[in-house]
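Working notes, structure below.
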Amino acid sequence: MTSAGLAGLSNDLLYSAMAVYAIAMVSFAAELAFWGRRSTSPVSVPAGERELATVGAGTATSGAYAQQAQVPDDGRTSRSDRLGRAAVSLTVLAFALHLGSVVARGVSAERAPWGNMFEFSVTGALAVTGAFLVLLTRRDVRYLGTFVVLPVLLTLGLAVAVLYTESAQLVPALKSVWLVIHVSAAIIASGILTVAFAQTVLFLVQERFERRAPEARRRSFMDRLPSAAALDRSAYRMHAFAYPIWTFAVIAGAIWAENAWGRYWGWDPKEVWAFITWMVYTAYLHARATAGWKGRRAAYVALLGYATFLFNYLVVNIWLVGFHSYAGVG
Amino acid sequence: MRTALVLLFLLTLAALPGSLVPQRSVDPLRTQQFATDNPTLARWYERLSLFEVYSSPWFAAIYLLLFVSLVGCVLPRSLGHLSAVRARPPAAPRNLDRLPVHESWTTSAGRADVLSTARGVLRKARFRVDDGDGSVAAERGHWRETGNLVFHLSLLLLLVAVALGNLFGFKGSVLVVEGRAFSNTVTAYDTFTGGAAFDEGSLAPFTVALDELAVRYQTSGDQRGAPRDFRAAVTYTPSPEAPEQRGVLRVNHPLTVDGTKVFLLGNGYAPVFTVRDATGAVVFSGPVPFLPRDGNMASTGVVKVPSAQPEQLGFEGLFLPTAVLDRQRGPVSAYPDTTLPRAVLTAFTGDLGVDDGSPQSVYSLDKRGLTQVRGDGGQPLAQSLAPGTTMDLPDGASITFDGVRRWASLQVARNPGTGPALAASVLALAGLMLSLFVRRRRVWVRVGDAPGGRTLVEVAGLARSEGESRDALAEEVGALAEQMGMEPRRGT
């Protein structure tokens, strides 16, 4: 197949992936919605007793999940469960199409498929889904589906609508083995950080939800989610996993900069913002060990960290003048 | 910790303006332009060191405070850790069933046998084990704190490496036209920055000649004109006595001569001109580097001829590698390679202002003492020249556009701090991973009497690192207990 043919195939696969993602997202959302209605069921456990029920359940996973497995089918639960399973299958299918698109793009251009901002966004979105699916094999995080597929779809939409760039060779500055090492590390870290971000947001909502008196709470899909404590722990673990990868990406970037420009650190805007992101996540890890900063406050720091990452990805690439102007946009 | 947190936020905040305000160390030309465009604002920025954020006193104050706080925290912790590593695992608490994770069972084995099996199992799981009265205490995961301390100390090492580079390193940039050479001396560079302790005598005595700069551009598609390859063929001599060597310099592939690296950073065109004055004598001949102004390499520059008679001559030029006439914008370049090269020139006579020795840009004319040369109709004289053609001035002087060469901008740098900085970074990363991923645990085993002459075995665990769920610990303690002889649980 010709290079242009492969590039066309890559685009077709990407559009197909987006369509499947959209259906998956609706299914995930429907799962949560239908689960919420299960409250009419006589066996449902009042939200306030959840923690107790969990402790009683011994070593089972925390939060509402444990109960869901123990509660007998009442029709609605199984419908909700079927939807959830379908959503996961659809996400796997979308991931496969998405991966195919990225590979076809790479083969068509004969290089790593992250040479401009369009490609970075598409591959970055793939990393988000990838991080989610890997986590899903280890823990039951189906509740995250909606909140992971949504940013993936938004990113892909932005990529095809605004950032689209034809498949082509690289500018000389990017022809380096460090493009593979530095950028792939940044992409993987951002995929994990995005999942961690979704968990952090859910933690903040759940924490607020749990602070209300049980009687004052309305039935909500938040009942379906793990407890705030479990969400917080899970978000921390994802952040702690992403942080060394981000650190490595920054170090690899410094090595590349030394190779290309003769200095390993020059405070170019992209470097400044990579540093800022690193510092904020450092502050997050510190905050969790600092009295008075645990929980909600630390979570806000993590959100700030993600905001600086987004700024680096969207604003610095396009609007700030610097050495890292490879966006290929405009 | 709270102080460190505040300082981390402060340093983050302090790093921010440097990405929004142009920095002299990053882009001196843009900084200059900004200061010219906003003189009042620039005065304030200057006072606040906002053009040099990262070498400003306030930025240094914050990171030095951060490092002071780091040392203040890490040193006592290192001492504490040292004694913790030497110490024996804390003895088993009286009531193991009060710990978050707890298992118990009875066995027919004797107490001593049970404890001896437990010790073996725990040692195999890389615990440090200590005997108590009818109990075993075990601890694992000191590497977590070791990694944490290594990470923080590596950051100190990184600071030292950066300081080393700033003191002893140098960085010079030079523009070299094809066919010309430069030598590694301070005066040969267009810009040069050496560290405070940098010794000019330590510059390696090499010369580099640029033989040819080959450039390839994308020829089709929506990225038509985007650069695809730069290759600078060079001939260099590592020292005056050494034989000549040939090399190729590419972006991302610097040339290393005697520990000093030469990088290819940019390129441009240097049109070649021959200027004759009114007497007919050749008063200038050679390439003149022009600076690229857009992606299609439309470049501007000037030719200054102070030795022309009777008056000094100056030319302002626009070089277009692929010239087309745009209805609105006039002559522009449509493609960065030389498919239809043209030089558009205007001429000036008078005083160039170069005789009093004051510094002047080689890319612009100081027009205060100059008058523009006009044609017969009184219009300013301007002509678009193809290679090999000549523009005649009314007084008999002329300028011939002979052709065009390329120039390369080279960055030459040596930074003795690079190696140590890399070592510190790798060490920091290794320490970081230990501090995040090693799990710290304490496990205790206690034996007691059970009815019927059997032995009661209790195992309990305590997680001592952050972000761990009870489940993970429970699973681990359960597995240890099974190895010690507990009946396996069904389906957990």
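Numbering starts fresh at 1 for the residues of each chain in the structure tokens, the chains themselves are lettered A, B, ... in the order given, and ligands are numbered from 1 as they appear.
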- Task: Write down, as a ChimeraX atom specification, each residue of chain B that has any atom within 7 Å of an atom of chain A, counting only C-alpha atoms.
- Result: /B:1-2,5,8,12,15,19,26,222,226-230,251-254,263,265,411,413,425,429,432-433,436,467-468,471,474
Skipping near chain neighbours, those fewer than 6 positions away, what residues fall within 8 Å of Thr185 of chain B using only C-alpha atoms, listed as a PDB file with N, CA and C atoms, in the first residue's frame?
```
ATOM      1  N   GLU B 200      39.922  31.708  29.169  1.00  0.00           N
ATOM      2  CA  GLU B 200      39.960  31.734  27.702  1.00  0.00           C
ATOM      3  C   GLU B 200      41.051  30.839  27.137  1.00  0.00           C
ATOM      4  N   LEU B 203      40.281  27.184  25.836  1.00  0.00           N
ATOM      5  CA  LEU B 203      39.580  26.852  24.592  1.00  0.00           C
ATOM      6  C   LEU B 203      40.460  25.954  23.729  1.00  0.00           C
ATOM      7  N   PRO B 205      42.245  24.598  20.624  1.00  0.00           N
ATOM      8  CA  PRO B 205      42.655  25.412  19.462  1.00  0.00           C
ATOM      9  C   PRO B 205      42.262  24.778  18.132  1.00  0.00           C
TER      10      PRO B 205
END
```
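Distance-wise, atom CA of Arg218 of chain A and atom CA of Val201 of chain A end up 19.6 Å apart.
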- Query: Could you write out, as a count of residues only, all the residues of segment 152-274 of chain A that DSSP marks as helix (DSSP H, G or I)?
  - Reply: 97
- Message: Rounded to one decimal, what separation in Å do you get between atom CA of Leu202 of chain A and atom CA of Phe221 of chain A?
- Response: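 We find that atom CA of Leu202 of chain A and atom CA of Phe221 of chain A lie 11.3 Å from each other.
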Would you give me, as an mmCIF file with N, CA and C atoms, in the first residue's frame, the residues in segment 14-129 of chain B that DSSP reads as strand (DSSP E)?
```
data_model
loop_
_atom_site.group_PDB
_atom_site.id
_atom_site.type_symbol
_atom_site.label_atom_id
_atom_site.label_comp_id
_atom_site.auth_asym_id
_atom_site.auth_seq_id
_atom_site.Cartn_x
_atom_site.Cartn_y
_atom_site.Cartn_z
ATOM 1 N N VAL B 101 -4.545 -5.972 59.876
ATOM 2 C CA VAL B 101 -4.609 -7.234 59.154
ATOM 3 C C VAL B 101 -4.146 -8.334 60.085
ATOM 4 N N HIS B 102 -4.949 -9.375 60.206
ATOM 5 C CA HIS B 102 -4.690 -10.369 61.244
ATOM 6 C C HIS B 102 -5.207 -11.726 60.782
ATOM 7 N N GLU B 103 -4.398 -12.753 60.965
ATOM 8 C CA GLU B 103 -4.824 -14.118 60.646
ATOM 9 C C GLU B 103 -4.494 -15.002 61.846
ATOM 10 N N SER B 104 -5.305 -16.027 62.085
ATOM 11 C CA SER B 104 -4.925 -16.967 63.141
ATOM 12 C C SER B 104 -5.457 -18.355 62.799
ATOM 13 N N TRP B 105 -4.767 -19.363 63.259
ATOM 14 C CA TRP B 105 -5.191 -20.741 63.058
ATOM 15 C C TRP B 105 -4.520 -21.611 64.125
ATOM 16 N N THR B 106 -4.942 -22.825 64.196
ATOM 17 C CA THR B 106 -4.290 -23.724 65.153
ATOM 18 C C THR B 106 -3.622 -24.855 64.398
ATOM 19 N N THR B 107 -2.604 -25.395 65.011
ATOM 20 C CA THR B 107 -1.843 -26.451 64.358
ATOM 21 C C THR B 107 -1.370 -27.446 65.413
ATOM 22 N N ARG B 128 13.642 -8.567 57.434
ATOM 23 C CA ARG B 128 14.638 -8.732 58.497
ATOM 24 C C ARG B 128 13.854 -9.284 59.676
ATOM 25 N N VAL B 129 14.423 -10.280 60.295
ATOM 26 C CA VAL B 129 13.658 -11.032 61.286
ATOM 27 C C VAL B 129 14.345 -10.939 62.642
#
```
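The interatomic distance for the pair atom CA of Leu9 of chain A and atom CA of Ala112 of chain A works out to 16.9 Å.
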- Item | Residue nearest Asp130 of chain B among B:His142, B:Ala91, B:Ala423, B:Gln328 (counting only C-alpha atoms) |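 Of the candidates, the smallest distance to Asp130 of chain B is held by B:Ala91.
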Interface rows for segment 133-233 of chain A against segment 20-38 of chain A: nearest pair, Å to one decimal, 8 Å, only C-alpha atoms, as a tab-separated table:
```
residue	atom	partner	partner_atom	distance
A:Arg142	CA	A:Phe28	CA	7.9
A:Tyr143	CA	A:Leu32	CA	7.4
A:Gly145	CA	A:Phe28	CA	5.7
A:Thr146	CA	A:Met25	CA	5.2
A:Val149	CA	A:Met25	CA	5.9
A:Leu150	CA	A:Met25	CA	6.8
A:Leu153	CA	A:Tyr21	CA	6.9
A:Arg219	CA	A:Gly36	CA	6.6
A:Ser220	CA	A:Gly36	CA	5.5
A:Phe221	CA	A:Gly36	CA	4.8
A:Asp223	CA	A:Gly36	CA	7.4
A:Arg224	CA	A:Trp35	CA	6.8
```
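With only C-alpha atoms as the atoms that count, the residue of A:Ser101, A:Ser78, A:Thr129, A:Ser227 with the shortest distance to Glu210 of chain A is A:Ser227.
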- Compare B:Leu75, B:Val215, B:Val443, B:Val150 by their minimum atom-to-atom distance to Asp337 of chain B, counting only C-alpha atoms, and give me the closest one.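 Closest to Asp337 of chain B, using only C-alpha atoms: B:Val215.
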- Taking into account only C-alpha atoms, which residue in the set B:Leu462, B:Val332, B:Leu381, B:Ala233 is nearest to Gln245 of chain B?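 Comparing B:Leu462, B:Val332, B:Leu381, B:Ala233 against Gln245 of chain B, the winner is B:Ala233.
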- Task: Quick one: everything within 8 Å of Asp351 of chain B, counting only C-alpha atoms, minus sequence neighbours fewer than 4 positions away in the same chain. Send it as a PyMOL selection string.
- Result: chain B and resi 311-313+369-370
